[in-house]
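Enquirer: Take a look at the following structure, please.
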Amino acid sequence: MDKLKKVLSGQDDGNQDGPSILERANQASTLAWGTRMKGFIICAVLGVFSSVLGTCLLWIPGAGLPVFAVLYTVGNICSVASTMFLMGPCQQLKTMCAKERAIATTVMLVCLVLTLCAAFWWKNNGLALLFCILQFLAFTWYGLSYIPFARDAVIKLFSMCL
C-alpha cells in the first residue's frame, strides 16, 4: 500500500523494482523512423478501410448494424493506434489525457465501448448508430485538438451558421 501511495504522489523513482510498465513499453517502442512511418501508414489505412467497409456493410439486412458497429469501432481504434507509432505509446497516452483533450478522449473511449454494448448485448440498433455518430464527433473533436486554432474555427463557423 505504501508503494502505491508513493507512486500516486510522485515520490517513487521506480528504480527499486526495475522499470515500470510504461517505461518498458516506451523502451520497446524505440523503432527506426522508417519502421514507425510504415506502422503509422498501415494502421491508418487499416483504420480507414475498416470504417469504410463497415459503412458499406451497414445496409446488409439483419446483420448490417452489428457488423458496422464492430468495423467502425475497430477502424477508430486502429486510427488512434496509428499515431502511437509516431509518438510512442507513453507520449500518446500523455497527450490523450492532456487537459485540452481529456473530455474528447473520454467521450470517444466511452462511445467505443457503448457502441459494442448496444450492438451485441442490448441489441438496440438505434443506440448503436447513435454511439457510432458520437464516436465520429468525439474522434473529430479529438483530432482537431492537434491543429492550432482548429477548434476555435469550428466553433466560430457553427456560431455563424446558427
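Chain labels run A, B, ... following the order of the C-alpha cells; each chain numbers its residues from 1, and ligands are numbered from 1 in the order shown.
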At a cut-off of 7 Å, using only C-alpha atoms, what residues contact segment 141-154 of chain A? Leave out same-chain residues fewer than 5 positions from it and give the result as a PDB file with N, CA, C and O atoms, in the first residue's frame.
Expert:
```
ATOM      1  N   ARG A 101      -7.559  17.674 -24.266  1.00  0.00           N
ATOM      2  CA  ARG A 101      -8.099  16.501 -24.976  1.00  0.00           C
ATOM      3  C   ARG A 101      -8.803  15.513 -24.064  1.00  0.00           C
ATOM      4  O   ARG A 101      -9.364  14.532 -24.553  1.00  0.00           O
ATOM      5  N   ALA A 104     -12.655  14.914 -24.814  1.00  0.00           N
ATOM      6  CA  ALA A 104     -12.860  14.261 -26.110  1.00  0.00           C
ATOM      7  C   ALA A 104     -12.379  12.808 -26.063  1.00  0.00           C
ATOM      8  O   ALA A 104     -13.048  11.918 -26.597  1.00  0.00           O
ATOM      9  N   THR A 105     -11.258  12.558 -25.407  1.00  0.00           N
ATOM     10  CA  THR A 105     -10.740  11.196 -25.284  1.00  0.00           C
ATOM     11  C   THR A 105     -11.702  10.328 -24.485  1.00  0.00           C
ATOM     12  O   THR A 105     -12.010   9.199 -24.885  1.00  0.00           O
TER      13      THR A 105
END
```
Enquirer: Give me every helix (DSSP H, G or I) residue in segment 12-150 of chain A, going by DSSP on the backbone, as a ChimeraX atom specification.
Expert: /A:21-28,33-57,64-87,89-96,102-121,125-144,150
Enquirer: Pick out the closest residue to Ala138 of chain A from this set: A:Val110, A:Ile42, A:Phe49, A:Thr35. Count only C-alpha atoms.
Expert: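 Among the listed residues, the smallest separation from Ala138 of chain A belongs to A:Val110.
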Enquirer: How many Å separate atom CA of Leu65 of chain A from atom CA of Asn125 of chain A?
Expert: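 Rounded to one decimal, the two atoms are 6.4 Å apart.
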Enquirer: Mind pulling up the distance from atom CA of Phe136 of chain A to atom CA of Cys161 of chain A?
Expert: 20.8 Å
Enquirer: Within 12 Å of Leu114 of chain A, counting only C-alpha atoms, which residues show up once you throw out same-chain ones fewer than 5 positions away? Write them as a PyMOL selection string, please.
Expert: chain A and resi 69-70+73+107-109+119-125+127-135
Enquirer: Record the distance separating atom CA of Pro66 of chain A and atom CA of Leu116 of chain A, expressed in Å with one decimal.
Expert: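 Answer for the atom CA of Pro66 of chain A to atom CA of Leu116 of chain A separation: 7.9 Å.
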